[in-house]
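Below is one structure, written out as structure tokens; comments come after it.
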Amino acid sequence: MSEEGTIKKLMYVNRKAPYGTIYALESLEVVLIGAAFDQDVCLAFLDDGVFQLTEGQNTDGIGMKNFSKTYTALGDYEVTRIYVERESLEARGLSETDLQELTYEDEDDDWAEKPSLHIVGSDELAQLMAEQDVVFSF
Amino acid sequence: MKFGIVVNEGPYQHQASDSAYQFARAALAAGHEIFRVFFYHDGVNNGTRLTVPPQDDRNIVERWSELATENELDLVLCVAAAQRRGLLDEGEAQRNGKDADNIAPGFRISGLGQLIEAAVQSDRLVTFGD
């Protein structure tokens, strides 16, 4: 029954703000564990999920762990494609400059550091979702 | 078709577990296979045998246990999500120095790899939750 070697296109969709509920943190835990499975992985952030990637998060006042730096380590887990919906940013008064810089080192290009963050419109994001084998929804 | 099912919300609070249960029953009745039901986030609360719902209401946990027994379903609670929320099997309780365990029959506790495996091995992964 085992289908070792199966590679599927997996997208993790993140739609919720980082600290109001645990979805964002537990989604990140799935992404980190999932990296060991050598699948074709990408992440999408939309709706309030775009707040997960904002720069300068400070949780001192709410007594919760600030896990925002973990996103910057995703490149080390071979997560190289992170899509953020433009409409969601704009509706919240955010732009790309409000987000953390997310990069990866391209092993096929002499380990050159490249951006993994891509701002895409909802039409393009819908197209990307349609191309996936599996969509994890958080 | 081979389905993987994900339940992301707790029982009674949210319809997700009810809908997942109805979906699982309907899929099995139609001759489909269920590779695994994976419980994540507050969904792990579907696996406690200590729930005592009113007698005139459905017993969500028992319903899952019965479905698992009748169909040899694999019901998996995420270990990290379960530990945070006080869902322990005998082994976890011992390892963590706790004086009780509370896993319902038919459920087992395992890691997030089981979710990824279900996604890769199933024809469709169906998520129930917000």
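Each chain of the structure tokens is named A, B, ... in the order shown, its residues numbered from 1; ligands are numbered from 1 in display order.
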Note to self: Could you work out which residues of chain B fall inside 12 Å of chain A? Count only C-alpha atoms, and format the result as a count of residues only.
What the structure shows: 39
Note to self: Just want the 6 Å neighbourhood of stretch 58-68 of chain B, counted on only C-alpha atoms, with same-chain residues fewer than 5 positions away dropped. Output as a list in words.
What the structure shows: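 Final neighbour list, sorted by chain and number: Asn46, Leu73, Pro105 and Gly106 of chain B.
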Where does DSSP see alpha helix (DSSP H) in chain B, if you list the residues as a PDB file with C-alpha atoms, in the first residue's frame?
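Listed below is the output, part_24.pdb:
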ATOM      1  CA  ALA B  16     -17.197  20.425  12.318  1.00  0.00           C
ATOM      2  CA  SER B  17     -17.067  17.096  14.166  1.00  0.00           C
ATOM      3  CA  ASP B  18     -20.737  16.315  13.415  1.00  0.00           C
ATOM      4  CA  SER B  19     -20.259  17.110   9.738  1.00  0.00           C
ATOM      5  CA  ALA B  20     -17.076  15.058   9.544  1.00  0.00           C
ATOM      6  CA  TYR B  21     -18.870  12.128  11.184  1.00  0.00           C
ATOM      7  CA  GLN B  22     -21.812  12.339   8.782  1.00  0.00           C
ATOM      8  CA  PHE B  23     -19.401  12.632   5.864  1.00  0.00           C
ATOM      9  CA  ALA B  24     -17.413   9.600   7.035  1.00  0.00           C
ATOM     10  CA  ARG B  25     -20.564   7.492   7.426  1.00  0.00           C
ATOM     11  CA  ALA B  26     -21.886   8.521   4.033  1.00  0.00           C
ATOM     12  CA  ALA B  27     -18.538   7.860   2.356  1.00  0.00           C
ATOM     13  CA  LEU B  28     -18.285   4.391   3.900  1.00  0.00           C
ATOM     14  CA  ALA B  29     -21.902   3.606   2.993  1.00  0.00           C
ATOM     15  CA  ILE B  60     -20.215  12.612  19.715  1.00  0.00           C
ATOM     16  CA  VAL B  61     -17.222  10.808  21.215  1.00  0.00           C
ATOM     17  CA  GLU B  62     -18.988   7.446  21.517  1.00  0.00           C
ATOM     18  CA  ARG B  63     -20.279   7.832  17.990  1.00  0.00           C
ATOM     19  CA  TRP B  64     -16.716   8.154  16.670  1.00  0.00           C
ATOM     20  CA  SER B  65     -15.586   5.178  18.791  1.00  0.00           C
ATOM     21  CA  GLU B  66     -18.406   3.013  17.424  1.00  0.00           C
ATOM     22  CA  LEU B  67     -17.734   4.039  13.837  1.00  0.00           C
ATOM     23  CA  ALA B  68     -14.064   3.190  14.343  1.00  0.00           C
ATOM     24  CA  THR B  69     -14.852  -0.253  15.753  1.00  0.00           C
ATOM     25  CA  GLU B  70     -17.380  -1.107  13.061  1.00  0.00           C
ATOM     26  CA  ASN B  71     -15.179   0.001  10.167  1.00  0.00           C
ATOM     27  CA  VAL B  79       0.125  14.519  20.134  1.00  0.00           C
ATOM     28  CA  ALA B  80       1.267  18.147  20.445  1.00  0.00           C
ATOM     29  CA  ALA B  81      -2.273  19.507  20.198  1.00  0.00           C
ATOM     30  CA  ALA B  82      -3.512  16.820  22.608  1.00  0.00           C
ATOM     31  CA  GLN B  83      -0.861  17.447  25.266  1.00  0.00           C
ATOM     32  CA  ARG B  84      -1.592  21.190  25.277  1.00  0.00           C
ATOM     33  CA  GLU B  90      -1.651   5.846  29.306  1.00  0.00           C
ATOM     34  CA  GLY B  91       1.867   6.156  27.979  1.00  0.00           C
ATOM     35  CA  GLU B  92       1.766   9.945  27.684  1.00  0.00           C
ATOM     36  CA  ALA B  93       0.302  10.256  31.172  1.00  0.00           C
ATOM     37  CA  GLN B  94       3.127   8.191  32.636  1.00  0.00           C
ATOM     38  CA  ARG B  95       5.828   9.999  30.690  1.00  0.00           C
ATOM     39  CA  GLY B 113       3.472  13.227  10.272  1.00  0.00           C
ATOM     40  CA  GLN B 114       0.267  11.186  10.283  1.00  0.00           C
ATOM     41  CA  LEU B 115      -1.584  14.199   8.874  1.00  0.00           C
ATOM     42  CA  ILE B 116       0.943  14.721   6.093  1.00  0.00           C
ATOM     43  CA  GLU B 117       0.889  11.000   5.313  1.00  0.00           C
ATOM     44  CA  ALA B 118      -2.916  11.084   5.100  1.00  0.00           C
ATOM     45  CA  ALA B 119      -2.678  14.020   2.688  1.00  0.00           C
ATOM     46  CA  VAL B 120      -0.163  12.233   0.484  1.00  0.00           C
ATOM     47  CA  GLN B 121      -1.800   8.787   0.547  1.00  0.00           C
TER      48      GLN B 121
END
Notebook entry, point to check: Suppose you want the space between atom CA of B:Gln15 and atom CA of B:Val76; what is it in Å?
Noted result: 19.0 Å
For A:Ala126, list every protein, DNA or RNA residue within 12 Å, evaluated using only C-alpha atoms, and leave out those in the same chain fewer than 5 positions away; present the list as a compact mmCIF listing (two decimals) with all heavy atoms, in the first residue's frame.
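Contents of around.txt, freshly written:
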# COMPACT_ATOMS: atom_id res chain seq x y z
N MET A 11 -0.48 22.95 -0.47
CA MET A 11 -0.53 24.37 -0.10
C MET A 11 -1.12 24.49 1.31
O MET A 11 -2.14 23.89 1.62
CB MET A 11 -1.39 25.16 -1.08
CG MET A 11 -1.60 26.62 -0.67
SD MET A 11 -2.72 27.53 -1.78
CE MET A 11 -1.54 28.20 -2.95
N VAL A 13 -2.85 27.04 3.64
CA VAL A 13 -3.55 28.32 3.55
C VAL A 13 -3.78 28.86 4.97
O VAL A 13 -4.36 28.18 5.83
CB VAL A 13 -4.91 28.15 2.84
CG1 VAL A 13 -5.66 29.47 2.82
CG2 VAL A 13 -4.69 27.65 1.41
N ALA A 44 0.21 30.05 1.61
CA ALA A 44 -0.58 31.21 1.19
C ALA A 44 -1.10 31.92 2.45
O ALA A 44 -1.50 31.27 3.41
CB ALA A 44 -1.73 30.79 0.29
N LEU A 46 -3.82 34.93 3.52
CA LEU A 46 -4.88 35.82 3.08
C LEU A 46 -5.80 36.15 4.25
O LEU A 46 -5.62 35.60 5.35
CB LEU A 46 -5.67 35.21 1.91
CG LEU A 46 -6.32 33.85 2.13
CD1 LEU A 46 -7.59 33.76 1.30
CD2 LEU A 46 -5.37 32.75 1.69
N TYR A 83 3.03 32.92 -0.73
CA TYR A 83 2.18 33.85 -1.45
C TYR A 83 1.32 34.65 -0.47
O TYR A 83 0.75 34.08 0.46
CB TYR A 83 1.27 33.10 -2.43
CG TYR A 83 2.04 32.28 -3.43
CD1 TYR A 83 2.16 30.90 -3.30
CD2 TYR A 83 2.69 32.91 -4.51
CE1 TYR A 83 2.89 30.15 -4.23
CE2 TYR A 83 3.42 32.17 -5.44
CZ TYR A 83 3.52 30.79 -5.29
OH TYR A 83 4.24 30.07 -6.20
N VAL A 84 1.24 35.96 -0.69
CA VAL A 84 0.42 36.82 0.15
C VAL A 84 -0.58 37.53 -0.76
O VAL A 84 -0.20 38.09 -1.80
CB VAL A 84 1.27 37.86 0.90
CG1 VAL A 84 0.41 38.75 1.77
CG2 VAL A 84 2.35 37.17 1.73
N GLU A 85 -1.84 37.48 -0.38
CA GLU A 85 -2.86 38.08 -1.25
C GLU A 85 -2.86 39.61 -1.13
O GLU A 85 -3.01 40.15 -0.04
CB GLU A 85 -4.25 37.53 -0.89
CG GLU A 85 -5.29 37.91 -1.94
CD GLU A 85 -6.70 37.70 -1.44
OE1 GLU A 85 -7.00 38.13 -0.31
OE2 GLU A 85 -7.50 37.13 -2.18
N VAL A 120 0.51 38.41 -4.54
CA VAL A 120 -0.28 38.02 -5.72
C VAL A 120 -1.73 38.49 -5.55
O VAL A 120 -2.23 38.62 -4.43
CB VAL A 120 -0.28 36.48 -5.93
CG1 VAL A 120 1.13 35.99 -6.25
CG2 VAL A 120 -0.83 35.76 -4.72
N GLY A 121 -2.39 38.73 -6.67
CA GLY A 121 -3.80 39.10 -6.65
C GLY A 121 -4.66 37.87 -6.39
O GLY A 121 -4.20 36.74 -6.52
N GLU A 131 -4.31 24.53 -8.75
CA GLU A 131 -3.24 23.64 -9.22
C GLU A 131 -2.79 22.63 -8.17
O GLU A 131 -2.01 21.73 -8.47
CB GLU A 131 -2.01 24.48 -9.63
CG GLU A 131 -2.22 25.32 -10.87
CD GLU A 131 -1.09 26.33 -11.08
OE1 GLU A 131 -0.09 26.28 -10.32
OE2 GLU A 131 -1.23 27.17 -11.98
N GLN A 132 -3.23 22.81 -6.92
CA GLN A 132 -2.72 21.96 -5.84
C GLN A 132 -3.40 20.59 -5.81
O GLN A 132 -4.55 20.45 -6.21
CB GLN A 132 -2.94 22.64 -4.47
CG GLN A 132 -2.34 24.03 -4.36
CD GLN A 132 -0.86 24.06 -4.62
OE1 GLN A 132 -0.12 23.23 -4.10
NE2 GLN A 132 -0.42 25.01 -5.43
N VAL A 135 -4.91 21.04 -0.25
CA VAL A 135 -4.93 22.36 0.39
C VAL A 135 -5.22 22.16 1.88
O VAL A 135 -6.29 21.67 2.24
CB VAL A 135 -5.98 23.29 -0.24
CG1 VAL A 135 -6.06 24.60 0.54
CG2 VAL A 135 -5.64 23.56 -1.70
Checklist line | strand (DSSP E) positions in stretch 69-134 of chain A, given as an MDAnalysis selection string | finding: chainID A and resid 82:85 103:106 112:115 117:120 134
Go ahead and dump the residues you just picked, all heavy atoms, as a compact mmCIF listing (two decimals), in the first residue's frame.
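The file below, result34.txt, is the result:
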# COMPACT_ATOMS: atom_id res chain seq x y z
N ILE A 82 6.10 31.55 -0.85
CA ILE A 82 5.12 32.05 0.11
C ILE A 82 4.32 33.15 -0.57
O ILE A 82 4.88 34.17 -1.00
CB ILE A 82 5.85 32.58 1.37
CG1 ILE A 82 6.61 31.43 2.04
CG2 ILE A 82 4.85 33.23 2.32
CD1 ILE A 82 7.49 31.84 3.20
N TYR A 83 3.03 32.92 -0.73
CA TYR A 83 2.18 33.85 -1.45
C TYR A 83 1.32 34.65 -0.47
O TYR A 83 0.75 34.08 0.46
CB TYR A 83 1.27 33.10 -2.43
CG TYR A 83 2.04 32.28 -3.43
CD1 TYR A 83 2.16 30.90 -3.30
CD2 TYR A 83 2.69 32.91 -4.51
CE1 TYR A 83 2.89 30.15 -4.23
CE2 TYR A 83 3.42 32.17 -5.44
CZ TYR A 83 3.52 30.79 -5.29
OH TYR A 83 4.24 30.07 -6.20
N VAL A 84 1.24 35.96 -0.69
CA VAL A 84 0.42 36.82 0.15
C VAL A 84 -0.58 37.53 -0.76
O VAL A 84 -0.20 38.09 -1.80
CB VAL A 84 1.27 37.86 0.90
CG1 VAL A 84 0.41 38.75 1.77
CG2 VAL A 84 2.35 37.17 1.73
N GLU A 85 -1.84 37.48 -0.38
CA GLU A 85 -2.86 38.08 -1.25
C GLU A 85 -2.86 39.61 -1.13
O GLU A 85 -3.01 40.15 -0.04
CB GLU A 85 -4.25 37.53 -0.89
CG GLU A 85 -5.29 37.91 -1.94
CD GLU A 85 -6.70 37.70 -1.44
OE1 GLU A 85 -7.00 38.13 -0.31
OE2 GLU A 85 -7.50 37.13 -2.18
N THR A 103 13.41 34.88 2.82
CA THR A 103 14.27 34.47 1.71
C THR A 103 14.64 32.99 1.83
O THR A 103 14.39 32.36 2.85
CB THR A 103 15.60 35.27 1.72
OG1 THR A 103 16.26 35.04 2.96
CG2 THR A 103 15.33 36.76 1.54
N TYR A 104 15.20 32.48 0.77
CA TYR A 104 15.77 31.12 0.80
C TYR A 104 17.04 31.13 -0.02
O TYR A 104 17.28 32.05 -0.82
CB TYR A 104 14.77 30.10 0.24
CG TYR A 104 14.56 30.18 -1.26
CD1 TYR A 104 15.16 29.26 -2.12
CD2 TYR A 104 13.76 31.17 -1.83
CE1 TYR A 104 14.97 29.33 -3.49
CE2 TYR A 104 13.57 31.25 -3.19
CZ TYR A 104 14.18 30.32 -4.02
OH TYR A 104 13.99 30.39 -5.37
N GLU A 105 17.86 30.10 0.19
CA GLU A 105 19.09 29.97 -0.59
C GLU A 105 18.86 28.94 -1.69
O GLU A 105 18.52 27.79 -1.41
CB GLU A 105 20.26 29.57 0.32
CG GLU A 105 20.65 30.69 1.26
CD GLU A 105 21.71 30.27 2.28
OE1 GLU A 105 21.99 29.06 2.37
OE2 GLU A 105 22.22 31.15 2.98
N ASP A 106 19.04 29.37 -2.94
CA ASP A 106 18.74 28.52 -4.09
C ASP A 106 19.90 27.58 -4.38
O ASP A 106 20.95 28.01 -4.88
CB ASP A 106 18.44 29.42 -5.31
CG ASP A 106 17.93 28.61 -6.49
OD1 ASP A 106 17.98 27.35 -6.41
OD2 ASP A 106 17.48 29.22 -7.46
N ALA A 112 22.44 31.24 -4.02
CA ALA A 112 22.10 32.66 -4.03
C ALA A 112 20.86 32.89 -3.16
O ALA A 112 19.92 32.10 -3.19
CB ALA A 112 21.84 33.13 -5.45
N GLU A 113 20.86 33.97 -2.40
CA GLU A 113 19.72 34.29 -1.54
C GLU A 113 18.63 34.95 -2.38
O GLU A 113 18.88 35.95 -3.06
CB GLU A 113 20.16 35.21 -0.39
CG GLU A 113 19.11 35.30 0.70
CD GLU A 113 19.63 36.01 1.94
OE1 GLU A 113 20.84 36.33 1.97
OE2 GLU A 113 18.83 36.27 2.85
N LYS A 114 17.43 34.37 -2.33
CA LYS A 114 16.34 34.88 -3.16
C LYS A 114 15.09 35.07 -2.32
O LYS A 114 14.90 34.37 -1.31
CB LYS A 114 16.04 33.89 -4.30
CG LYS A 114 17.21 33.71 -5.25
CD LYS A 114 16.85 32.78 -6.39
CE LYS A 114 18.02 32.70 -7.37
NZ LYS A 114 17.74 31.79 -8.48
N PRO A 115 14.25 36.01 -2.73
CA PRO A 115 13.01 36.23 -1.96
C PRO A 115 12.04 35.06 -2.12
O PRO A 115 11.88 34.54 -3.22
CB PRO A 115 12.43 37.51 -2.58
CG PRO A 115 13.02 37.58 -3.94
CD PRO A 115 14.36 36.93 -3.87
N LEU A 117 8.92 35.48 -0.72
CA LEU A 117 7.63 36.15 -0.59
C LEU A 117 7.15 36.69 -1.94
O LEU A 117 7.90 37.36 -2.64
CB LEU A 117 7.77 37.31 0.41
CG LEU A 117 6.54 37.83 1.09
CD1 LEU A 117 5.93 36.78 1.99
CD2 LEU A 117 6.89 39.05 1.91
N HIS A 118 5.90 36.36 -2.29
CA HIS A 118 5.33 36.86 -3.54
C HIS A 118 3.96 37.45 -3.25
O HIS A 118 3.10 36.75 -2.71
CB HIS A 118 5.20 35.73 -4.57
CG HIS A 118 6.49 35.02 -4.84
ND1 HIS A 118 7.44 35.50 -5.70
CD2 HIS A 118 7.00 33.88 -4.32
CE1 HIS A 118 8.49 34.68 -5.72
NE2 HIS A 118 8.24 33.68 -4.88
N ILE A 119 3.77 38.71 -3.61
CA ILE A 119 2.46 39.33 -3.45
C ILE A 119 1.66 39.03 -4.72
O ILE A 119 2.11 39.35 -5.83
CB ILE A 119 2.58 40.87 -3.27
CG1 ILE A 119 3.65 41.21 -2.22
CG2 ILE A 119 1.23 41.47 -2.92
CD1 ILE A 119 3.34 40.77 -0.83
N VAL A 120 0.51 38.41 -4.54
CA VAL A 120 -0.28 38.02 -5.72
C VAL A 120 -1.73 38.49 -5.55
O VAL A 120 -2.23 38.62 -4.43
CB VAL A 120 -0.28 36.48 -5.93
CG1 VAL A 120 1.13 35.99 -6.25
CG2 VAL A 120 -0.83 35.76 -4.72
N VAL A 134 -3.35 19.07 -2.69
CA VAL A 134 -3.89 19.13 -1.33
C VAL A 134 -3.82 20.57 -0.83
O VAL A 134 -2.80 21.24 -0.99
CB VAL A 134 -3.07 18.25 -0.36
CG1 VAL A 134 -3.65 18.32 1.05
CG2 VAL A 134 -3.02 16.80 -0.83
Note to self: Nearest residue to A:Asp40 out of A:Met129, A:Leu94, A:Leu102, A:Val79, using only C-alpha atoms?
What the structure shows: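 Closest to A:Asp40, using only C-alpha atoms: A:Val79.
Atom CA of A:Thr72 lies 20.4 Å from atom CA of A:Asp108.
When the distance limit is 7 Å and only C-alpha atoms are what count, the residues near stretch 49-57 of chain B, minus those fewer than 4 positions from it on the same chain, are Val61, Asn102, Ile103 and Ala104 of chain B.
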Quick one: write out the picked residues with C-alpha atoms as a CSV table (one decimal), in the first residue's frame?
chain,number,residue,atom,x,y,z
B,61,VAL,CA,-17.2,10.8,21.2
B,102,ASN,CA,-8.6,10.0,29.1
B,103,ILE,CA,-8.5,8.6,25.5
B,104,ALA,CA,-11.7,7.1,24.2
